[in-house]
$ cat run_8.pdb   # PDB, C-alpha atoms, pLDDT in the B column
ATOM      1  CA  MET A   1      19.608  38.442   5.797  1.00 47.00           C
ATOM      2  CA  PHE A   2      20.317  34.927   4.594  1.00 46.00           C
ATOM      3  CA  ALA A   3      18.838  35.640   1.145  1.00 51.00           C
ATOM      4  CA  ARG A   4      21.015  38.780   0.786  1.00 55.00           C
ATOM      5  CA  SER A   5      24.180  36.826   1.563  1.00 54.00           C
ATOM      6  CA  CYS A   6      23.189  34.144  -0.969  1.00 53.00           C
ATOM      7  CA  ARG A   7      22.679  36.783  -3.665  1.00 60.00           C
ATOM      8  CA  ARG A   8      26.085  38.259  -2.901  1.00 63.00           C
ATOM      9  CA  ALA A   9      27.736  34.844  -3.169  1.00 59.00           C
ATOM     10  CA  VAL A  10      26.023  34.134  -6.510  1.00 56.00           C
ATOM     11  CA  SER A  11      27.055  37.520  -7.944  1.00 66.00           C
ATOM     12  CA  ALA A  12      30.653  36.920  -6.844  1.00 63.00           C
ATOM     13  CA  VAL A  13      30.731  33.535  -8.551  1.00 55.00           C
ATOM     14  CA  GLN A  14      29.290  35.012 -11.760  1.00 62.00           C
ATOM     15  CA  THR A  15      31.914  37.772 -11.759  1.00 62.00           C
ATOM     16  CA  CYS A  16      34.701  35.217 -11.297  1.00 55.00           C
ATOM     17  CA  LEU A  17      33.408  33.095 -14.153  1.00 53.00           C
ATOM     18  CA  ARG A  18      33.087  36.134 -16.425  1.00 54.00           C
ATOM     19  CA  TYR A  19      36.655  37.186 -15.619  1.00 48.00           C
ATOM     20  CA  ASN A  20      38.035  33.706 -16.295  1.00 49.00           C
ATOM     21  CA  SER A  21      36.212  33.483 -19.619  1.00 49.00           C
ATOM     22  CA  SER A  22      37.426  36.920 -20.792  1.00 47.00           C
ATOM     23  CA  THR A  23      41.100  36.452 -19.916  1.00 47.00           C
ATOM     24  CA  THR A  24      43.408  34.546 -22.231  1.00 48.00           C
ATOM     25  CA  VAL A  25      46.508  32.619 -21.309  1.00 47.00           C
ATOM     26  CA  PRO A  26      49.597  33.740 -23.254  1.00 51.00           C
ATOM     27  CA  PRO A  27      51.420  31.022 -25.197  1.00 50.00           C
ATOM     28  CA  VAL A  28      54.494  29.517 -23.655  1.00 49.00           C
ATOM     29  CA  ALA A  29      57.748  30.395 -25.388  1.00 50.00           C
ATOM     30  CA  GLY A  30      59.247  27.536 -27.339  1.00 51.00           C
ATOM     31  CA  ALA A  31      56.013  25.572 -27.519  1.00 47.00           C
ATOM     32  CA  SER A  32      55.008  24.292 -30.923  1.00 50.00           C
ATOM     33  CA  SER A  33      51.863  25.745 -32.462  1.00 48.00           C
ATOM     34  CA  ALA A  34      50.709  22.337 -33.701  1.00 51.00           C
ATOM     35  CA  SER A  35      50.294  20.742 -30.300  1.00 61.00           C
ATOM     36  CA  THR A  36      48.507  17.434 -29.999  1.00 66.00           C
ATOM     37  CA  PRO A  37      44.912  17.775 -28.704  1.00 66.00           C
ATOM     38  CA  ALA A  38      44.060  16.364 -25.310  1.00 64.00           C
ATOM     39  CA  PRO A  39      42.471  12.908 -25.422  1.00 67.00           C
ATOM     40  CA  GLN A  40      38.698  13.040 -25.073  1.00 66.00           C
ATOM     41  CA  PRO A  41      37.024  10.740 -22.552  1.00 62.00           C
ATOM     42  CA  PRO A  42      35.083   7.876 -24.139  1.00 67.00           C
ATOM     43  CA  GLN A  43      31.381   8.463 -24.607  1.00 71.00           C
ATOM     44  CA  MET A  44      29.257   6.262 -22.354  1.00 67.00           C
ATOM     45  CA  SER A  45      25.716   5.299 -23.212  1.00 72.00           C
ATOM     46  CA  GLU A  46      22.879   5.577 -20.726  1.00 65.00           C
ATOM     47  CA  PRO A  47      22.458   1.786 -20.199  1.00 67.00           C
ATOM     48  CA  ALA A  48      26.212   1.363 -19.660  1.00 74.00           C
ATOM     49  CA  TYR A  49      26.213   4.315 -17.260  1.00 69.00           C
ATOM     50  CA  ALA A  50      23.242   2.871 -15.355  1.00 67.00           C
ATOM     51  CA  SER A  51      24.887  -0.559 -15.000  1.00 69.00           C
ATOM     52  CA  SER A  52      28.318   0.742 -13.956  1.00 74.00           C
ATOM     53  CA  VAL A  53      29.578   1.849 -10.544  1.00 74.00           C
ATOM     54  CA  VAL A  54      29.601   5.650 -10.402  1.00 73.00           C
ATOM     55  CA  HIS A  55      30.093   7.276  -7.021  1.00 77.00           C
ATOM     56  CA  GLY A  56      27.529   9.963  -6.294  1.00 75.00           C
ATOM     57  CA  ARG A  57      25.014   8.727  -8.851  1.00 74.00           C
ATOM     58  CA  GLY A  58      22.436   8.055  -6.154  1.00 77.00           C
ATOM     59  CA  VAL A  59      21.646  11.772  -5.784  1.00 81.00           C
ATOM     60  CA  ARG A  60      20.291  11.842  -9.329  1.00 83.00           C
ATOM     61  CA  GLN A  61      17.077  10.413 -10.656  1.00 86.00           C
ATOM     62  CA  PRO A  62      17.312   6.795 -11.938  1.00 86.00           C
ATOM     63  CA  HIS A  63      17.557   6.290 -15.676  1.00 83.00           C
ATOM     64  CA  GLN A  64      14.233   5.257 -17.226  1.00 86.00           C
ATOM     65  CA  LEU A  65      14.880   2.472 -19.739  1.00 88.00           C
ATOM     66  CA  PRO A  66      12.459   2.339 -22.700  1.00 89.00           C
ATOM     67  CA  LYS A  67       9.988  -0.525 -22.954  1.00 90.00           C
ATOM     68  CA  THR A  68      10.634  -3.017 -25.758  1.00 90.00           C
ATOM     69  CA  HIS A  69       7.351  -4.970 -25.897  1.00 90.00           C
ATOM     70  CA  GLY A  70       5.234  -3.460 -23.133  1.00 89.00           C
ATOM     71  CA  ILE A  71       4.619  -6.790 -21.353  1.00 91.00           C
ATOM     72  CA  PRO A  72       4.189  -6.310 -17.580  1.00 93.00           C
ATOM     73  CA  VAL A  73       6.210  -8.700 -15.433  1.00 94.00           C
ATOM     74  CA  ALA A  74       5.846  -7.399 -11.860  1.00 95.00           C
ATOM     75  CA  THR A  75       4.490  -4.662  -9.632  1.00 95.00           C
ATOM     76  CA  LEU A  76       6.254  -3.505  -6.468  1.00 95.00           C
ATOM     77  CA  HIS A  77       4.109  -2.067  -3.679  1.00 96.00           C
ATOM     78  CA  PHE A  78       5.855  -0.087  -0.943  1.00 96.00           C
ATOM     79  CA  ARG A  79       4.246   1.270   2.207  1.00 96.00           C
ATOM     80  CA  SER A  80       5.478   3.047   5.306  1.00 95.00           C
ATOM     81  CA  TYR A  81       4.430   5.438   8.040  1.00 95.00           C
ATOM     82  CA  HIS A  82       7.300   7.804   7.160  1.00 94.00           C
ATOM     83  CA  PRO A  83       6.979   9.441   3.698  1.00 94.00           C
ATOM     84  CA  ARG A  84      10.607  10.618   3.477  1.00 94.00           C
ATOM     85  CA  LEU A  85      11.959   7.167   4.267  1.00 94.00           C
ATOM     86  CA  LEU A  86       9.522   5.650   1.782  1.00 95.00           C
ATOM     87  CA  ASP A  87      10.603   7.996  -1.026  1.00 94.00           C
ATOM     88  CA  PHE A  88      14.245   7.257  -0.241  1.00 93.00           C
ATOM     89  CA  PHE A  89      13.794   3.493  -0.605  1.00 95.00           C
ATOM     90  CA  VAL A  90      11.671   3.876  -3.757  1.00 95.00           C
ATOM     91  CA  HIS A  91      14.492   5.962  -5.215  1.00 93.00           C
ATOM     92  CA  PHE A  92      16.917   3.163  -4.284  1.00 93.00           C
ATOM     93  CA  ALA A  93      14.652   0.562  -5.933  1.00 94.00           C
ATOM     94  CA  GLY A  94      14.522   2.589  -9.139  1.00 93.00           C
ATOM     95  CA  HIS A  95      18.329   2.698  -9.328  1.00 91.00           C
ATOM     96  CA  ALA A  96      18.534  -1.057  -8.676  1.00 92.00           C
ATOM     97  CA  ALA A  97      16.065  -1.807 -11.483  1.00 92.00           C
ATOM     98  CA  SER A  98      17.935   0.500 -13.856  1.00 89.00           C
ATOM     99  CA  ALA A  99      21.247  -1.203 -13.041  1.00 88.00           C
ATOM    100  CA  LEU A 100      19.707  -4.610 -13.863  1.00 90.00           C
ATOM    101  CA  GLY A 101      18.286  -3.341 -17.148  1.00 89.00           C
ATOM    102  CA  ILE A 102      14.610  -3.590 -16.156  1.00 92.00           C
ATOM    103  CA  PRO A 103      12.281  -0.932 -17.599  1.00 93.00           C
ATOM    104  CA  VAL A 104      10.254   0.435 -14.689  1.00 93.00           C
ATOM    105  CA  SER A 105       7.753   3.228 -14.316  1.00 93.00           C
ATOM    106  CA  LYS A 106       8.115   6.302 -12.191  1.00 92.00           C
ATOM    107  CA  PRO A 107       6.866   6.008  -8.601  1.00 93.00           C
ATOM    108  CA  VAL A 108       3.088   6.293  -8.426  1.00 94.00           C
ATOM    109  CA  HIS A 109       1.644   7.873  -5.283  1.00 95.00           C
ATOM    110  CA  LEU A 110      -1.255   5.732  -4.124  1.00 95.00           C
ATOM    111  CA  PRO A 111      -3.965   7.089  -1.786  1.00 95.00           C
ATOM    112  CA  THR A 112      -2.823   7.429   1.807  1.00 95.00           C
ATOM    113  CA  GLN A 113      -4.601   5.107   4.213  1.00 94.00           C
ATOM    114  CA  ARG A 114      -5.789   6.984   7.278  1.00 95.00           C
ATOM    115  CA  ARG A 115      -6.993   5.394  10.521  1.00 94.00           C
ATOM    116  CA  LEU A 116      -8.370   7.163  13.581  1.00 93.00           C
ATOM    117  CA  TRP A 117      -8.828   5.956  17.162  1.00 92.00           C
ATOM    118  CA  THR A 118     -10.742   7.690  19.947  1.00 88.00           C
ATOM    119  CA  VAL A 119      -9.857   6.723  23.511  1.00 86.00           C
ATOM    120  CA  ILE A 120     -11.383   8.093  26.699  1.00 83.00           C
ATOM    121  CA  ARG A 121      -8.922   9.635  29.134  1.00 80.00           C
ATOM    122  CA  GLY A 122     -10.459   8.076  32.234  1.00 76.00           C
ATOM    123  CA  PRO A 123     -13.343   5.786  33.185  1.00 74.00           C
ATOM    124  CA  PHE A 124     -14.791   7.956  35.989  1.00 74.00           C
ATOM    125  CA  VAL A 125     -14.699  11.738  36.235  1.00 73.00           C
ATOM    126  CA  HIS A 126     -12.858  12.205  32.909  1.00 68.00           C
ATOM    127  CA  LYS A 127     -15.250  10.005  30.933  1.00 72.00           C
ATOM    128  CA  LYS A 128     -16.339  12.866  28.668  1.00 78.00           C
ATOM    129  CA  SER A 129     -12.729  13.815  27.947  1.00 81.00           C
ATOM    130  CA  GLN A 130     -11.487  11.879  24.900  1.00 84.00           C
ATOM    131  CA  GLU A 131      -8.205  11.703  23.032  1.00 87.00           C
ATOM    132  CA  ASN A 132      -7.821  11.076  19.280  1.00 90.00           C
ATOM    133  CA  PHE A 133      -4.986   9.154  17.644  1.00 93.00           C
ATOM    134  CA  GLU A 134      -4.234   9.029  13.928  1.00 93.00           C
ATOM    135  CA  ARG A 135      -2.059   6.764  11.797  1.00 94.00           C
ATOM    136  CA  ARG A 136      -1.302   7.423   8.129  1.00 95.00           C
ATOM    137  CA  THR A 137       0.097   4.732   5.852  1.00 96.00           C
ATOM    138  CA  HIS A 138       1.794   6.149   2.750  1.00 96.00           C
ATOM    139  CA  LYS A 139       1.967   3.947  -0.352  1.00 96.00           C
ATOM    140  CA  ARG A 140       4.011   3.905  -3.565  1.00 95.00           C
ATOM    141  CA  LEU A 141       3.836   1.680  -6.626  1.00 96.00           C
ATOM    142  CA  ILE A 142       6.424   0.764  -9.286  1.00 95.00           C
ATOM    143  CA  LYS A 143       5.594  -1.355 -12.329  1.00 95.00           C
ATOM    144  CA  ALA A 144       8.189  -3.345 -14.301  1.00 94.00           C
ATOM    145  CA  TRP A 145       8.049  -4.493 -17.930  1.00 93.00           C
ATOM    146  CA  ASP A 146       9.940  -6.693 -20.404  1.00 90.00           C
ATOM    147  CA  ALA A 147      12.316  -8.578 -18.115  1.00 91.00           C
ATOM    148  CA  HIS A 148      13.270 -12.199 -17.663  1.00 90.00           C
ATOM    149  CA  PRO A 149      11.723 -13.905 -14.597  1.00 91.00           C
ATOM    150  CA  ASP A 150      15.189 -14.710 -13.225  1.00 92.00           C
ATOM    151  CA  VAL A 151      16.173 -11.036 -13.407  1.00 92.00           C
ATOM    152  CA  VAL A 152      12.942 -10.034 -11.672  1.00 94.00           C
ATOM    153  CA  ASP A 153      13.625 -12.563  -8.903  1.00 94.00           C
ATOM    154  CA  MET A 154      17.132 -11.160  -8.559  1.00 94.00           C
ATOM    155  CA  LEU A 155      15.745  -7.635  -8.147  1.00 94.00           C
ATOM    156  CA  ILE A 156      13.195  -8.745  -5.545  1.00 94.00           C
ATOM    157  CA  GLN A 157      15.798 -10.673  -3.543  1.00 94.00           C
ATOM    158  CA  TYR A 158      18.167  -7.693  -3.652  1.00 94.00           C
ATOM    159  CA  LEU A 159      15.472  -5.304  -2.414  1.00 94.00           C
ATOM    160  CA  GLU A 160      14.385  -7.711   0.326  1.00 94.00           C
ATOM    161  CA  LYS A 161      17.987  -8.059   1.470  1.00 94.00           C
ATOM    162  CA  HIS A 162      18.512  -4.289   1.674  1.00 93.00           C
ATOM    163  CA  LEU A 163      14.995  -3.398   2.819  1.00 92.00           C
ATOM    164  CA  ALA A 164      14.976  -0.238   4.909  1.00 91.00           C
ATOM    165  CA  ALA A 165      13.650  -0.433   8.452  1.00 91.00           C
ATOM    166  CA  GLY A 166      10.110   0.871   8.593  1.00 92.00           C
ATOM    167  CA  VAL A 167       9.304   0.115   4.928  1.00 95.00           C
ATOM    168  CA  GLY A 168       7.160  -2.802   3.797  1.00 95.00           C
ATOM    169  CA  MET A 169       7.222  -4.319   0.325  1.00 95.00           C
ATOM    170  CA  ARG A 170       4.759  -6.569  -1.508  1.00 95.00           C
ATOM    171  CA  THR A 171       5.414  -7.947  -4.983  1.00 95.00           C
ATOM    172  CA  VAL A 172       3.074  -9.316  -7.649  1.00 94.00           C
ATOM    173  CA  LYS A 173       4.723 -11.282 -10.472  1.00 93.00           C
ATOM    174  CA  TRP A 174       3.348 -12.532 -13.777  1.00 91.00           C
ATOM    175  CA  THR A 175       4.701 -15.679 -15.378  1.00 85.00           C
ATOM    176  CA  ARG A 176       4.233 -16.419 -19.083  1.00 82.00           C
ATOM    177  CA  ALA A 177       3.256 -19.931 -20.154  1.00 81.00           C
ATOM    178  CA  PRO A 178       4.651 -21.291 -23.448  1.00 81.00           C
ATOM    179  CA  VAL A 179       2.553 -21.375 -26.594  1.00 82.00           C
ATOM    180  CA  GLY A 180       0.304 -24.452 -26.816  1.00 83.00           C
ATOM    181  CA  VAL A 181       0.184 -25.146 -23.089  1.00 82.00           C
ATOM    182  CA  GLY A 182      -3.620 -25.349 -23.175  1.00 84.00           C
ATOM    183  CA  GLN A 183      -3.660 -28.091 -25.814  1.00 86.00           C
ATOM    184  CA  LYS A 184      -1.039 -30.069 -23.909  1.00 85.00           C
ATOM    185  CA  THR A 185      -3.012 -29.811 -20.677  1.00 85.00           C
ATOM    186  CA  LEU A 186      -6.184 -30.962 -22.437  1.00 83.00           C
ATOM    187  CA  GLU A 187      -4.418 -33.954 -23.940  1.00 82.00           C
ATOM    188  CA  THR A 188      -2.993 -34.906 -20.548  1.00 83.00           C
ATOM    189  CA  VAL A 189      -6.398 -34.751 -18.876  1.00 81.00           C
ATOM    190  CA  MET A 190      -8.145 -36.678 -21.657  1.00 75.00           C
ATOM    191  CA  GLY A 191      -5.407 -39.301 -21.597  1.00 74.00           C
ATOM    192  CA  GLY A 192      -6.004 -39.872 -17.911  1.00 72.00           C
ATOM    193  CA  LEU A 193      -9.774 -40.217 -18.420  1.00 70.00           C
ATOM    194  CA  ARG A 194      -9.625 -42.451 -21.496  1.00 59.00           C
ATOM    195  CA  VAL A 195     -10.531 -46.170 -20.778  1.00 58.00           C
ATOM    196  CA  ASP A 196     -10.074 -49.246 -22.943  1.00 64.00           C
ATOM    197  CA  PRO A 197     -13.435 -50.196 -24.666  1.00 65.00           C
ATOM    198  CA  GLN A 198     -13.033 -53.901 -23.804  1.00 66.00           C
ATOM    199  CA  LEU A 199     -12.348 -53.108 -20.164  1.00 68.00           C
ATOM    200  CA  ARG A 200     -15.315 -50.764 -20.082  1.00 73.00           C
ATOM    201  CA  ALA A 201     -17.632 -53.471 -21.505  1.00 78.00           C
ATOM    202  CA  ALA A 202     -16.377 -55.995 -18.942  1.00 81.00           C
ATOM    203  CA  LYS A 203     -17.052 -53.563 -16.094  1.00 82.00           C
ATOM    204  CA  VAL A 204     -20.556 -52.864 -17.366  1.00 83.00           C
ATOM    205  CA  LYS A 205     -21.300 -56.600 -17.662  1.00 86.00           C
ATOM    206  CA  ALA A 206     -20.015 -57.327 -14.156  1.00 88.00           C
ATOM    207  CA  LEU A 207     -22.063 -54.458 -12.743  1.00 88.00           C
ATOM    208  CA  GLY A 208     -25.197 -55.808 -14.480  1.00 89.00           C
ATOM    209  CA  GLU A 209     -24.651 -59.299 -13.127  1.00 91.00           C
ATOM    210  CA  GLN A 210     -24.195 -57.927  -9.615  1.00 92.00           C
ATOM    211  CA  ILE A 211     -27.451 -55.980  -9.869  1.00 93.00           C
ATOM    212  CA  VAL A 212     -29.302 -59.080 -11.080  1.00 92.00           C
ATOM    213  CA  LYS A 213     -27.953 -61.163  -8.210  1.00 91.00           C
ATOM    214  CA  GLU A 214     -28.981 -58.551  -5.655  1.00 92.00           C
ATOM    215  CA  GLU A 215     -32.476 -58.317  -7.131  1.00 92.00           C
ATOM    216  CA  LEU A 216     -32.918 -62.110  -7.158  1.00 91.00           C
ATOM    217  CA  ALA A 217     -31.726 -62.366  -3.577  1.00 91.00           C
ATOM    218  CA  ALA A 218     -34.154 -59.643  -2.483  1.00 90.00           C
ATOM    219  CA  ALA A 219     -37.030 -61.386  -4.304  1.00 88.00           C
ATOM    220  CA  ALA A 220     -36.145 -64.720  -2.674  1.00 88.00           C
ATOM    221  CA  ARG A 221     -36.116 -63.132   0.790  1.00 87.00           C
ATOM    222  CA  ALA A 222     -39.470 -61.486   0.149  1.00 85.00           C
ATOM    223  CA  ALA A 223     -41.016 -64.792  -1.034  1.00 85.00           C
ATOM    224  CA  LYS A 224     -39.654 -66.630   1.978  1.00 83.00           C
ATOM    225  CA  GLU A 225     -41.048 -64.063   4.402  1.00 81.00           C
ATOM    226  CA  GLY A 226     -44.459 -64.258   2.676  1.00 75.00           C
ATOM    227  CA  ALA A 227     -44.523 -68.050   2.930  1.00 73.00           C
ATOM    228  CA  VAL A 228     -43.660 -67.928   6.617  1.00 68.00           C
ATOM    229  CA  GLU A 229     -46.479 -65.479   7.325  1.00 71.00           C
ATOM    230  CA  LYS A 230     -48.993 -67.690   5.523  1.00 68.00           C
ATOM    231  CA  ALA A 231     -47.869 -70.827   7.396  1.00 69.00           C
ATOM    232  CA  ALA A 232     -48.064 -69.171  10.798  1.00 63.00           C
ATOM    233  CA  PRO A 233     -51.318 -70.140  12.728  1.00 61.00           C
ATOM    234  CA  THR A 234     -53.711 -67.384  13.707  1.00 57.00           C
ATOM    235  CA  GLY A 235     -54.776 -67.067  17.356  1.00 53.00           C
ATOM    236  CA  SER A 236     -58.500 -67.641  18.355  1.00 49.00           C
ATOM    237  CA  SER A 237     -60.375 -64.809  20.037  1.00 44.00           C
TER     238      SER A 237
END
$ encode --input "run_8.pdb" --output "structure tokens"
Amino acid sequence: MFARSCRRAVSAVQTCLRYNSSTTVPPVAGASSASTPAPQPPQMSEPAYASSVVHGRGVRQPHQLPKTHGIPVATLHFRSYHPRLLDFFVHFAGHAASALGIPVSKPVHLPTQRRLWTVIRGPFVHKKSQENFERRTHKRLIKAWDAHPDVVDMLIQYLEKHLAAGVGMRTVKWTRAPVGVGQKTLETVMGGLRVDPQLRAAKVKALGEQIVKEELAAAARAAKEGAVEKAAPTGSS
């Protein structure tokens, strides 16, 4: 019954559109034939459309910006027990990334984590009667490329501020070190370990003298103990 009414409504709309396209409006008397054309609205590019405020744009899919260099900067992991709420917030995150000019991937559906619990109904007569409980954790993943770290931090802070209740988010960011950072680190470490040759020789000499003194003192103590044992009288049996 509902499908029949929908078909009738669609056929009525098609008939109305066909009638409006076939009829022509007669020209107004006294109007000049060379009338000025109506001004055309300015053409808006996709990035400008994505970064502007357009009411009702949220019902559409977010604009996918092309990657410039293909360098990954962050991954956004979302998880929730409610799949519809999770898809809603992932859709919101895609629009936020598009508005900030960050190329992101489409949402990737990760494997659903499933956990089961079995609980007995009672400890006495109902011991054999058990009840099963299940919890499913749905997961989504979005990957971002070619964006400045400050812009990525801005996106993460914005999503954390407007995080939907019942949705968890975990972010992994990559930071790029400047060229030549390894050589600079090596020079810093070697500079801290480098010692003056004269100071090193003085330390070695002092250590040798200390070892000699300790050895001489030990030898003197051993000789003194041996002399004392020899001088001590032996008892008669």
$ residues_around --input "run_8.pdb" --residues "range 113-125 of chain A" --least-positions-apart "5" --cutoff "7 Å" --atoms "only C-alpha atoms" --output "PyMOL selection string"
chain A and resi 130-138
$ atom_distance --input "run_8.pdb" --atom1 "CA of Trp145 in chain A" --atom2 "CA of Val108 in chain A"
15.2 Å
$ resolve_selection --input "run_8.pdb" --expression "the PyMOL selection byres ((chain A and resi 83) around 12)" --output "PDB file with C-alpha atoms, in the coordinates of the input"
ATOM      1  CA  PHE A  78       5.855  -0.087  -0.943  1.00 96.00           C
ATOM      2  CA  ARG A  79       4.246   1.270   2.207  1.00 96.00           C
ATOM      3  CA  SER A  80       5.478   3.047   5.306  1.00 95.00           C
ATOM      4  CA  TYR A  81       4.430   5.438   8.040  1.00 95.00           C
ATOM      5  CA  HIS A  82       7.300   7.804   7.160  1.00 94.00           C
ATOM      6  CA  ARG A  84      10.607  10.618   3.477  1.00 94.00           C
ATOM      7  CA  LEU A  85      11.959   7.167   4.267  1.00 94.00           C
ATOM      8  CA  LEU A  86       9.522   5.650   1.782  1.00 95.00           C
ATOM      9  CA  ASP A  87      10.603   7.996  -1.026  1.00 94.00           C
ATOM     10  CA  PHE A  88      14.245   7.257  -0.241  1.00 93.00           C
ATOM     11  CA  PHE A  89      13.794   3.493  -0.605  1.00 95.00           C
ATOM     12  CA  VAL A  90      11.671   3.876  -3.757  1.00 95.00           C
ATOM     13  CA  HIS A 109       1.644   7.873  -5.283  1.00 95.00           C
ATOM     14  CA  LEU A 110      -1.255   5.732  -4.124  1.00 95.00           C
ATOM     15  CA  THR A 112      -2.823   7.429   1.807  1.00 95.00           C
ATOM     16  CA  ARG A 136      -1.302   7.423   8.129  1.00 95.00           C
ATOM     17  CA  THR A 137       0.097   4.732   5.852  1.00 96.00           C
ATOM     18  CA  HIS A 138       1.794   6.149   2.750  1.00 96.00           C
ATOM     19  CA  LYS A 139       1.967   3.947  -0.352  1.00 96.00           C
ATOM     20  CA  ARG A 140       4.011   3.905  -3.565  1.00 95.00           C
ATOM     21  CA  GLY A 166      10.110   0.871   8.593  1.00 92.00           C
ATOM     22  CA  VAL A 167       9.304   0.115   4.928  1.00 95.00           C
TER      23      VAL A 167
END
$ resolve_selection --input "run_8.pdb" --expression "the PyMOL selection byres ((chain A and resi 96-98) around 9)" --output "list in words"
Pro47, Ala50, Ser51, Pro62, His63, Gln64, Leu65, His91, Phe92, Ala93, Gly94, His95, Ala99, Leu100, Gly101, Ile102, Pro103, Val104, Ala144, Val152, Leu155, Tyr158 and Leu159 of chain A
$ write_last_selection --input "run_8.pdb" --atoms "C-alpha atoms" --output "PDB file, keeping the file's coordinate frame"
ATOM      1  CA  PRO A  47      22.458   1.786 -20.199  1.00 67.00           C
ATOM      2  CA  ALA A  50      23.242   2.871 -15.355  1.00 67.00           C
ATOM      3  CA  SER A  51      24.887  -0.559 -15.000  1.00 69.00           C
ATOM      4  CA  PRO A  62      17.312   6.795 -11.938  1.00 86.00           C
ATOM      5  CA  HIS A  63      17.557   6.290 -15.676  1.00 83.00           C
ATOM      6  CA  GLN A  64      14.233   5.257 -17.226  1.00 86.00           C
ATOM      7  CA  LEU A  65      14.880   2.472 -19.739  1.00 88.00           C
ATOM      8  CA  HIS A  91      14.492   5.962  -5.215  1.00 93.00           C
ATOM      9  CA  PHE A  92      16.917   3.163  -4.284  1.00 93.00           C
ATOM     10  CA  ALA A  93      14.652   0.562  -5.933  1.00 94.00           C
ATOM     11  CA  GLY A  94      14.522   2.589  -9.139  1.00 93.00           C
ATOM     12  CA  HIS A  95      18.329   2.698  -9.328  1.00 91.00           C
ATOM     13  CA  ALA A  99      21.247  -1.203 -13.041  1.00 88.00           C
ATOM     14  CA  LEU A 100      19.707  -4.610 -13.863  1.00 90.00           C
ATOM     15  CA  GLY A 101      18.286  -3.341 -17.148  1.00 89.00           C
ATOM     16  CA  ILE A 102      14.610  -3.590 -16.156  1.00 92.00           C
ATOM     17  CA  PRO A 103      12.281  -0.932 -17.599  1.00 93.00           C
ATOM     18  CA  VAL A 104      10.254   0.435 -14.689  1.00 93.00           C
ATOM     19  CA  ALA A 144       8.189  -3.345 -14.301  1.00 94.00           C
ATOM     20  CA  VAL A 152      12.942 -10.034 -11.672  1.00 94.00           C
ATOM     21  CA  LEU A 155      15.745  -7.635  -8.147  1.00 94.00           C
ATOM     22  CA  TYR A 158      18.167  -7.693  -3.652  1.00 94.00           C
ATOM     23  CA  LEU A 159      15.472  -5.304  -2.414  1.00 94.00           C
TER      24      LEU A 159
END
$ closest_residue --input "run_8.pdb" --among "A:Gln43, A:Lys106, A:Glu160, A:Ala218" --to "Gln61 in chain A" --atoms "only C-alpha atoms"
A:Lys106
$ atom_distance --input "run_8.pdb" --atom1 "CA of Thr188 in chain A" --atom2 "CA of Thr175 in chain A"
21.3 Å
$ atom_distance --input "run_8.pdb" --atom1 "CA of Met154 in chain A" --atom2 "CA of Leu76 in chain A"
13.5 Å
$ closest_residue --input "run_8.pdb" --among "A:Val73, A:Pro66, A:Glu225, A:Lys203" --to "Asp150 in chain A" --atoms "only C-alpha atoms"
A:Val73
$ closest_residue --input "run_8.pdb" --among "A:Ile211, A:Ala227, A:Val189, A:Ala147" --to "Lys173 in chain A" --atoms "all atoms listed in the file"
A:Ala147
$ build_atoms --input "run_8.pdb" --residues "range 205-213 of chain A" --atoms "N, CA, C and O atoms" --output "JSON list (two decimals), in the coordinates of the input"
[["chain", "number", "residue", "atom", "x", "y", "z"],
["A", 205, "LYS", "N", -20.70, -55.27, -17.79],
["A", 205, "LYS", "CA", -21.30, -56.60, -17.66],
["A", 205, "LYS", "C", -21.25, -57.10, -16.22],
["A", 205, "LYS", "O", -22.25, -57.64, -15.70],
["A", 206, "ALA", "N", -20.13, -56.90, -15.55],
["A", 206, "ALA", "CA", -20.02, -57.33, -14.16],
["A", 206, "ALA", "C", -20.98, -56.57, -13.26],
["A", 206, "ALA", "O", -21.60, -57.13, -12.34],
["A", 207, "LEU", "N", -21.13, -55.25, -13.53],
["A", 207, "LEU", "CA", -22.06, -54.46, -12.74],
["A", 207, "LEU", "C", -23.50, -54.94, -12.96],
["A", 207, "LEU", "O", -24.30, -55.02, -12.00],
["A", 208, "GLY", "N", -23.85, -55.29, -14.21],
["A", 208, "GLY", "CA", -25.20, -55.81, -14.48],
["A", 208, "GLY", "C", -25.45, -57.12, -13.78],
["A", 208, "GLY", "O", -26.54, -57.34, -13.21],
["A", 209, "GLU", "N", -24.48, -58.02, -13.81],
["A", 209, "GLU", "CA", -24.65, -59.30, -13.13],
["A", 209, "GLU", "C", -24.81, -59.12, -11.62],
["A", 209, "GLU", "O", -25.62, -59.81, -10.98],
["A", 210, "GLN", "N", -24.06, -58.17, -11.05],
["A", 210, "GLN", "CA", -24.20, -57.93, -9.62],
["A", 210, "GLN", "C", -25.57, -57.39, -9.27],
["A", 210, "GLN", "O", -26.18, -57.79, -8.26],
["A", 211, "ILE", "N", -26.11, -56.51, -10.11],
["A", 211, "ILE", "CA", -27.45, -55.98, -9.87],
["A", 211, "ILE", "C", -28.50, -57.09, -9.95],
["A", 211, "ILE", "O", -29.44, -57.15, -9.14],
["A", 212, "VAL", "N", -28.35, -57.97, -10.93],
["A", 212, "VAL", "CA", -29.30, -59.08, -11.08],
["A", 212, "VAL", "C", -29.27, -59.99, -9.86],
["A", 212, "VAL", "O", -30.32, -60.44, -9.34],
["A", 213, "LYS", "N", -28.07, -60.30, -9.38],
["A", 213, "LYS", "CA", -27.95, -61.16, -8.21],
["A", 213, "LYS", "C", -28.60, -60.52, -6.99],
["A", 213, "LYS", "O", -29.31, -61.19, -6.21]]
